[in-house]
Amino acid sequence: MQNVIDKAIEYVMQYGLSFVYALLIFIIGKRIARFVSKMVGVAMVNSKLDETLASFLKHAVYYVLLIFVCIAALNKIGVETTSFIAIIGAAGLAIGLALQGSLANFAAGVLLIIFKPFKVGDFIEAGGTIGTVEEIQIFNTVLNHPDNRRITVPNAKVTGDNISNFSAIGKRRIDLVFGISYNDDIKKAKEALEKVVADDPRVLKEPKPVIAVSELGNSSVNLVCRPWVKPGDYWAVYFDTLENGKLELEKNGITIPFPQQDVHLYQQKK
C-alpha cells in the first residue's frame, strides 16, 4: 500500500507541477496573445493603414500566437511537439475536409481584404442581409443592422452572392411614387413636389431630382419623385419627403385617390 502511495506522490510531483505550469503558460500566453494582437491593431490604425485590413490582420496575429502558446503548453507536460506537429500534418487532410466550410470562409476573408468590395463603416447588402460593416474577421463579417441587431455573416456567404455597397459612391437616390387624381393639374402637382424637395437642405443639388409622370394607373396618375441624398441621410429624407409631399399636395388641392373600380350593371330584357 505504501508503495502505491509513494508511486502516486511521485506521479503527482512529476506530472502535476508540469500540468500546472502548462496551464499557467496557456492562460498567460493567451492574454499576451490578445494584448499583442490588440497593440498590432492599434499600431496599424495609427499608421493610417486601412481599418478593414488592420482588423483582419489583428485577428490573424492573435490566432497564430495562440497556436504557439498551445504548442508550448503541450511541450511542458511532456508532449513531443515535433511529433505533435507531425500528427497535425498527417491529420491535415482530415481536418481540411472536416473544416472545409471554415477554410472557405478564411479564403473568402482574404479575397475581401484583397479586392475590397467594401470597408468598415460602409452600408451594404450581402449574404441575404443588410447593415453597416462593423468588422471583417478571419471567418466572418460582422454587420450592424439598422434596427440595432448585430449580424455575423460567414465570409463565404458574403462573397458567394451579389454585394450591394450603398456607401461606395457617396450618393443614394430615393424613389417615391405619388398618385394623383385624373382630374388634378399635373403641372401643379409637380410644382408642389419640387417645392418639397427644394426646401430640404439634405437633398443634393447634383444630380438634379427627377419629378415626372411614370404611369397612368387604373385609379391614378402616378408621379415619381427621385431626389439624391448622402447615404447617411437616406431614411430620414425618405420619411420626411413622403410626409411633406402628401401635405403639400393636399395644400394645393391635389387629391390622392383610393384604388377604385367602376361597376356597370345592365338589366337584361326578357
# chains A, B, ... in the order shown; residues from 1 in each chain; ligands from 1
>>> select_by_dssp(residues="segment 39-198 of chain A", states="helix (DSSP H, G or I)", output="ChimeraX atom specification")
/A:39-46,51-76,81-90,92-98,100-115,155-159,186-198
>>> residues_around(residues="Tyr63 of chain A", least_positions_apart="3", cutoff="9 Å", atoms="only C-alpha atoms", output="ChimeraX atom specification")
/A:33-34,37,58-60,66-68
>>> atom_distance(atom1="atom CA of Asn244 of chain A", atom2="atom CA of Pro231 of chain A")
20.2 Å
>>> residues_around(residues="Phe166 of chain A", least_positions_apart="3", cutoff="9 Å", atoms="only C-alpha atoms", output="number ranges by chain")
A: 122-125, 169-172, 231
>>> atom_distance(atom1="atom CA of Asn183 of chain A", atom2="atom CA of Pro257 of chain A")
10.4 Å
>>> closest_residue(among="A:Phe19, A:Ile130, A:Lys230, A:Ile180", to="Asn218 of chain A", atoms="only C-alpha atoms")
A:Ile180
>>> atom_distance(atom1="atom CA of Tyr21 of chain A", atom2="atom CA of Cys70 of chain A")
12.4 Å
>>> residues_around(residues="Val40 of chain A", least_positions_apart="3", cutoff="10 Å", atoms="only C-alpha atoms", output="list in words")
Arg34, Phe35, Val36, Ser37, Ala43, Met44, Val45, Asn46, Ala54, Ser55, Leu57, Lys58, His59, Val61 and Tyr62 of chain A
>>> write_last_selection(atoms="N, CA and C atoms", output="PDB file, in the first residue's frame")
ATOM      1  N   ARG A  34      -3.573  38.087 -26.875  1.00  0.00           N
ATOM      2  CA  ARG A  34      -4.653  39.061 -27.057  1.00  0.00           C
ATOM      3  C   ARG A  34      -4.121  40.488 -26.968  1.00  0.00           C
ATOM      4  N   PHE A  35      -3.191  40.714 -26.010  1.00  0.00           N
ATOM      5  CA  PHE A  35      -2.604  42.051 -25.846  1.00  0.00           C
ATOM      6  C   PHE A  35      -1.780  42.441 -27.063  1.00  0.00           C
ATOM      7  N   VAL A  36      -0.930  41.502 -27.525  1.00  0.00           N
ATOM      8  CA  VAL A  36      -0.069  41.788 -28.680  1.00  0.00           C
ATOM      9  C   VAL A  36      -0.912  42.067 -29.926  1.00  0.00           C
ATOM     10  N   SER A  37      -1.958  41.240 -30.155  1.00  0.00           N
ATOM     11  CA  SER A  37      -2.807  41.452 -31.331  1.00  0.00           C
ATOM     12  C   SER A  37      -3.523  42.798 -31.248  1.00  0.00           C
ATOM     13  N   ALA A  43      -1.464  49.874 -33.672  1.00  0.00           N
ATOM     14  CA  ALA A  43      -0.327  50.401 -34.438  1.00  0.00           C
ATOM     15  C   ALA A  43      -0.680  50.552 -35.913  1.00  0.00           C
ATOM     16  N   MET A  44      -1.432  49.580 -36.452  1.00  0.00           N
ATOM     17  CA  MET A  44      -1.817  49.654 -37.864  1.00  0.00           C
ATOM     18  C   MET A  44      -2.781  50.797 -38.128  1.00  0.00           C
ATOM     19  N   VAL A  45      -3.716  51.002 -37.195  1.00  0.00           N
ATOM     20  CA  VAL A  45      -4.665  52.118 -37.358  1.00  0.00           C
ATOM     21  C   VAL A  45      -3.933  53.451 -37.266  1.00  0.00           C
ATOM     22  N   ASN A  46      -2.989  53.556 -36.321  1.00  0.00           N
ATOM     23  CA  ASN A  46      -2.226  54.801 -36.158  1.00  0.00           C
ATOM     24  C   ASN A  46      -1.330  55.074 -37.355  1.00  0.00           C
ATOM     25  N   ALA A  54      -6.503  46.271 -41.089  1.00  0.00           N
ATOM     26  CA  ALA A  54      -5.971  46.248 -39.727  1.00  0.00           C
ATOM     27  C   ALA A  54      -6.740  45.269 -38.850  1.00  0.00           C
ATOM     28  N   SER A  55      -8.059  45.280 -38.972  1.00  0.00           N
ATOM     29  CA  SER A  55      -8.885  44.374 -38.173  1.00  0.00           C
ATOM     30  C   SER A  55      -8.613  42.924 -38.547  1.00  0.00           C
ATOM     31  N   LEU A  57      -5.860  41.584 -39.930  1.00  0.00           N
ATOM     32  CA  LEU A  57      -4.525  41.171 -39.511  1.00  0.00           C
ATOM     33  C   LEU A  57      -4.444  41.018 -37.994  1.00  0.00           C
ATOM     34  N   LYS A  58      -5.186  41.835 -37.270  1.00  0.00           N
ATOM     35  CA  LYS A  58      -5.189  41.731 -35.806  1.00  0.00           C
ATOM     36  C   LYS A  58      -5.673  40.351 -35.370  1.00  0.00           C
ATOM     37  N   HIS A  59      -6.759  39.888 -35.975  1.00  0.00           N
ATOM     38  CA  HIS A  59      -7.271  38.558 -35.637  1.00  0.00           C
ATOM     39  C   HIS A  59      -6.315  37.459 -36.091  1.00  0.00           C
ATOM     40  N   VAL A  61      -3.020  37.634 -36.312  1.00  0.00           N
ATOM     41  CA  VAL A  61      -1.896  37.610 -35.362  1.00  0.00           C
ATOM     42  C   VAL A  61      -2.287  36.899 -34.079  1.00  0.00           C
ATOM     43  N   TYR A  62      -3.493  37.153 -33.609  1.00  0.00           N
ATOM     44  CA  TYR A  62      -3.960  36.524 -32.360  1.00  0.00           C
ATOM     45  C   TYR A  62      -3.986  34.998 -32.488  1.00  0.00           C
TER      46      TYR A  62
END
>>> residues_around(residues="Gly127 of chain A", least_positions_apart="3", cutoff="12 Å", atoms="only C-alpha atoms", output="MDAnalysis selection string")
chainID A and resid 124 130:131 140:143 151:164
>>> write_last_selection(atoms="N, CA and C atoms", output="JSON list (two decimals), in the first residue's frame")
[["chain", "number", "residue", "atom", "x", "y", "z"],
["A", 124, "ILE", "N", -24.02, 48.02, -46.52],
["A", 124, "ILE", "CA", -24.05, 47.07, -47.62],
["A", 124, "ILE", "C", -25.23, 46.11, -47.51],
["A", 130, "ILE", "N", -28.74, 43.14, -44.67],
["A", 130, "ILE", "CA", -28.19, 44.48, -44.85],
["A", 130, "ILE", "C", -27.66, 44.99, -43.51],
["A", 131, "GLY", "N", -26.75, 45.95, -43.58],
["A", 131, "GLY", "CA", -26.24, 46.53, -42.35],
["A", 131, "GLY", "C", -24.95, 47.30, -42.60],
["A", 140, "ASN", "N", -15.66, 35.55, -40.49],
["A", 140, "ASN", "CA", -16.98, 36.17, -40.59],
["A", 140, "ASN", "C", -16.86, 37.67, -40.83],
["A", 141, "THR", "N", -17.97, 38.22, -41.33],
["A", 141, "THR", "CA", -18.13, 39.67, -41.44],
["A", 141, "THR", "C", -19.26, 40.09, -40.49],
["A", 142, "VAL", "N", -18.99, 41.06, -39.65],
["A", 142, "VAL", "CA", -19.97, 41.50, -38.65],
["A", 142, "VAL", "C", -20.66, 42.77, -39.15],
["A", 143, "LEU", "N", -22.00, 42.73, -39.20],
["A", 143, "LEU", "CA", -22.80, 43.86, -39.65],
["A", 143, "LEU", "C", -23.69, 44.35, -38.51],
["A", 151, "ILE", "N", -25.30, 41.27, -36.75],
["A", 151, "ILE", "CA", -25.43, 40.07, -37.57],
["A", 151, "ILE", "C", -24.04, 39.61, -37.99],
["A", 152, "THR", "N", -23.77, 38.33, -37.76],
["A", 152, "THR", "CA", -22.50, 37.74, -38.17],
["A", 152, "THR", "C", -22.73, 36.87, -39.40],
["A", 153, "VAL", "N", -22.10, 37.24, -40.50],
["A", 153, "VAL", "CA", -22.30, 36.54, -41.77],
["A", 153, "VAL", "C", -21.01, 35.84, -42.17],
["A", 154, "PRO", "N", -21.05, 34.54, -42.47],
["A", 154, "PRO", "CA", -19.83, 33.85, -42.93],
["A", 154, "PRO", "C", -19.28, 34.52, -44.19],
["A", 155, "ASN", "N", -17.96, 34.66, -44.24],
["A", 155, "ASN", "CA", -17.34, 35.34, -45.37],
["A", 155, "ASN", "C", -17.65, 34.67, -46.71],
["A", 156, "ALA", "N", -17.73, 33.32, -46.70],
["A", 156, "ALA", "CA", -18.02, 32.61, -47.95],
["A", 156, "ALA", "C", -19.41, 32.96, -48.46],
["A", 157, "LYS", "N", -20.34, 33.21, -47.56],
["A", 157, "LYS", "CA", -21.69, 33.59, -47.97],
["A", 157, "LYS", "C", -21.71, 35.01, -48.53],
["A", 158, "VAL", "N", -20.84, 35.86, -47.99],
["A", 158, "VAL", "CA", -20.74, 37.24, -48.48],
["A", 158, "VAL", "C", -20.21, 37.26, -49.91],
["A", 159, "THR", "N", -19.14, 36.52, -50.16],
["A", 159, "THR", "CA", -18.52, 36.54, -51.49],
["A", 159, "THR", "C", -19.25, 35.64, -52.48],
["A", 160, "GLY", "N", -20.13, 34.76, -51.98],
["A", 160, "GLY", "CA", -20.81, 33.82, -52.86],
["A", 160, "GLY", "C", -22.04, 34.38, -53.54],
["A", 161, "ASP", "N", -22.37, 35.64, -53.28],
["A", 161, "ASP", "CA", -23.56, 36.23, -53.89],
["A", 161, "ASP", "C", -23.27, 37.69, -54.22],
["A", 162, "ASN", "N", -24.28, 38.38, -54.74],
["A", 162, "ASN", "CA", -24.11, 39.80, -55.08],
["A", 162, "ASN", "C", -23.85, 40.63, -53.83],
["A", 163, "ILE", "N", -23.01, 41.63, -53.96],
["A", 163, "ILE", "CA", -22.73, 42.58, -52.88],
["A", 163, "ILE", "C", -23.15, 43.96, -53.34],
["A", 164, "SER", "N", -24.09, 44.57, -52.62],
["A", 164, "SER", "CA", -24.52, 45.93, -52.92],
["A", 164, "SER", "C", -23.94, 46.87, -51.87]]
>>> closest_residue(among="A:Ile71, A:Gly29, A:Tyr182, A:Leu249", to="Glu215 of chain A", atoms="only C-alpha atoms")
A:Tyr182
>>> select_by_dssp(residues="segment 15-251 of chain A", states="strand (DSSP E or B)", output="PyMOL selection string")
chain A and resi 123-126+129-136+140-144+150-154+164-165+172-173+176-180+210-216+221-226+228-229
>>> write_last_selection(atoms="C-alpha atoms", output="tab-separated table (two decimals), in the first residue's frame")
chain	number	residue	atom	x	y	z
A	123	PHE	CA	-23.67	50.21	-45.53
A	124	ILE	CA	-24.05	47.07	-47.62
A	125	GLU	CA	-26.41	44.30	-48.65
A	126	ALA	CA	-24.67	40.93	-48.71
A	129	THR	CA	-28.98	40.78	-45.10
A	130	ILE	CA	-28.19	44.48	-44.85
A	131	GLY	CA	-26.24	46.53	-42.35
A	132	THR	CA	-23.24	48.72	-41.61
A	133	VAL	CA	-19.92	46.85	-41.69
A	134	GLU	CA	-18.58	46.70	-38.15
A	135	GLU	CA	-15.69	44.32	-38.67
A	136	ILE	CA	-14.21	41.86	-41.16
A	140	ASN	CA	-16.98	36.17	-40.59
A	141	THR	CA	-18.13	39.67	-41.44
A	142	VAL	CA	-19.97	41.50	-38.65
A	143	LEU	CA	-22.80	43.86	-39.65
A	144	ASN	CA	-24.87	46.25	-37.56
A	150	ARG	CA	-25.60	42.64	-34.77
A	151	ILE	CA	-25.43	40.07	-37.57
A	152	THR	CA	-22.50	37.74	-38.17
A	153	VAL	CA	-22.30	36.54	-41.77
A	154	PRO	CA	-19.83	33.85	-42.93
A	164	SER	CA	-24.52	45.93	-52.92
A	165	ASN	CA	-22.46	48.74	-51.42
A	172	ARG	CA	-28.17	57.42	-52.92
A	173	ARG	CA	-31.36	58.00	-54.86
A	176	LEU	CA	-41.02	57.66	-54.17
A	177	VAL	CA	-44.33	57.42	-56.03
A	178	PHE	CA	-47.24	59.84	-55.51
A	179	GLY	CA	-50.59	59.10	-57.12
A	180	ILE	CA	-52.92	61.96	-58.05
A	210	VAL	CA	-36.37	63.91	-61.05
A	211	ILE	CA	-40.12	64.52	-60.77
A	212	ALA	CA	-42.10	63.12	-63.67
A	213	VAL	CA	-45.16	61.13	-64.71
A	214	SER	CA	-44.26	57.45	-64.56
A	215	GLU	CA	-47.57	55.69	-65.11
A	216	LEU	CA	-51.22	56.17	-65.98
A	221	VAL	CA	-51.75	59.33	-62.44
A	222	ASN	CA	-48.50	58.26	-60.75
A	223	LEU	CA	-45.65	60.74	-60.32
A	224	VAL	CA	-42.15	59.62	-59.37
A	225	CYS	CA	-40.11	61.79	-57.00
A	226	ARG	CA	-36.41	60.90	-57.06
A	228	TRP	CA	-30.45	62.31	-54.32
A	229	VAL	CA	-29.02	62.36	-50.80
>>> closest_residue(among="A:Val263, A:Ile138, A:Ala168, A:Ile77", to="Gly121 of chain A", atoms="only C-alpha atoms")
A:Ala168
>>> residues_around(residues="Leu247 of chain A", least_positions_apart="6", cutoff="12 Å", atoms="only C-alpha atoms", output="JSON, numbers by chain")
{"A": [178, 189, 192, 193, 195, 196, 240, 241, 253, 254, 255, 256]}
>>> decode(residues="segment 131-145 of chain A", atoms="N, CA and C atoms", output="PDB file, in the first residue's frame")
ATOM      1  N   GLY A 131     -26.754  45.951 -43.583  1.00  0.00           N
ATOM      2  CA  GLY A 131     -26.237  46.532 -42.353  1.00  0.00           C
ATOM      3  C   GLY A 131     -24.955  47.296 -42.601  1.00  0.00           C
ATOM      4  N   THR A 132     -24.492  47.973 -41.561  1.00  0.00           N
ATOM      5  CA  THR A 132     -23.238  48.719 -41.609  1.00  0.00           C
ATOM      6  C   THR A 132     -22.104  47.789 -41.187  1.00  0.00           C
ATOM      7  N   VAL A 133     -21.041  47.752 -41.976  1.00  0.00           N
ATOM      8  CA  VAL A 133     -19.925  46.849 -41.690  1.00  0.00           C
ATOM      9  C   VAL A 133     -19.226  47.296 -40.417  1.00  0.00           C
ATOM     10  N   GLU A 134     -19.240  46.430 -39.420  1.00  0.00           N
ATOM     11  CA  GLU A 134     -18.578  46.696 -38.145  1.00  0.00           C
ATOM     12  C   GLU A 134     -17.153  46.161 -38.146  1.00  0.00           C
ATOM     13  N   GLU A 135     -16.998  44.960 -38.713  1.00  0.00           N
ATOM     14  CA  GLU A 135     -15.686  44.318 -38.667  1.00  0.00           C
ATOM     15  C   GLU A 135     -15.631  43.186 -39.683  1.00  0.00           C
ATOM     16  N   ILE A 136     -14.449  43.006 -40.291  1.00  0.00           N
ATOM     17  CA  ILE A 136     -14.209  41.860 -41.159  1.00  0.00           C
ATOM     18  C   ILE A 136     -13.215  40.961 -40.431  1.00  0.00           C
ATOM     19  N   GLN A 137     -13.700  39.822 -39.939  1.00  0.00           N
ATOM     20  CA  GLN A 137     -12.862  38.899 -39.195  1.00  0.00           C
ATOM     21  C   GLN A 137     -12.314  37.812 -40.118  1.00  0.00           C
ATOM     22  N   ILE A 138     -11.566  36.882 -39.534  1.00  0.00           N
ATOM     23  CA  ILE A 138     -10.944  35.843 -40.351  1.00  0.00           C
ATOM     24  C   ILE A 138     -11.987  34.965 -41.026  1.00  0.00           C
ATOM     25  N   PHE A 139     -13.051  34.636 -40.294  1.00  0.00           N
ATOM     26  CA  PHE A 139     -14.064  33.731 -40.832  1.00  0.00           C
ATOM     27  C   PHE A 139     -15.402  34.409 -41.111  1.00  0.00           C
ATOM     28  N   ASN A 140     -15.657  35.546 -40.489  1.00  0.00           N
ATOM     29  CA  ASN A 140     -16.975  36.174 -40.586  1.00  0.00           C
ATOM     30  C   ASN A 140     -16.864  37.673 -40.828  1.00  0.00           C
ATOM     31  N   THR A 141     -17.968  38.224 -41.334  1.00  0.00           N
ATOM     32  CA  THR A 141     -18.125  39.673 -41.439  1.00  0.00           C
ATOM     33  C   THR A 141     -19.257  40.086 -40.492  1.00  0.00           C
ATOM     34  N   VAL A 142     -18.993  41.063 -39.653  1.00  0.00           N
ATOM     35  CA  VAL A 142     -19.969  41.499 -38.653  1.00  0.00           C
ATOM     36  C   VAL A 142     -20.661  42.768 -39.150  1.00  0.00           C
ATOM     37  N   LEU A 143     -21.999  42.725 -39.197  1.00  0.00           N
ATOM     38  CA  LEU A 143     -22.801  43.859 -39.648  1.00  0.00           C
ATOM     39  C   LEU A 143     -23.693  44.354 -38.515  1.00  0.00           C
ATOM     40  N   ASN A 144     -23.889  45.663 -38.464  1.00  0.00           N
ATOM     41  CA  ASN A 144     -24.867  46.255 -37.558  1.00  0.00           C
ATOM     42  C   ASN A 144     -26.116  46.604 -38.361  1.00  0.00           C
ATOM     43  N   HIS A 145     -27.213  45.899 -38.085  1.00  0.00           N
ATOM     44  CA  HIS A 145     -28.462  46.100 -38.808  1.00  0.00           C
ATOM     45  C   HIS A 145     -29.081  47.434 -38.405  1.00  0.00           C
TER      46      HIS A 145
END
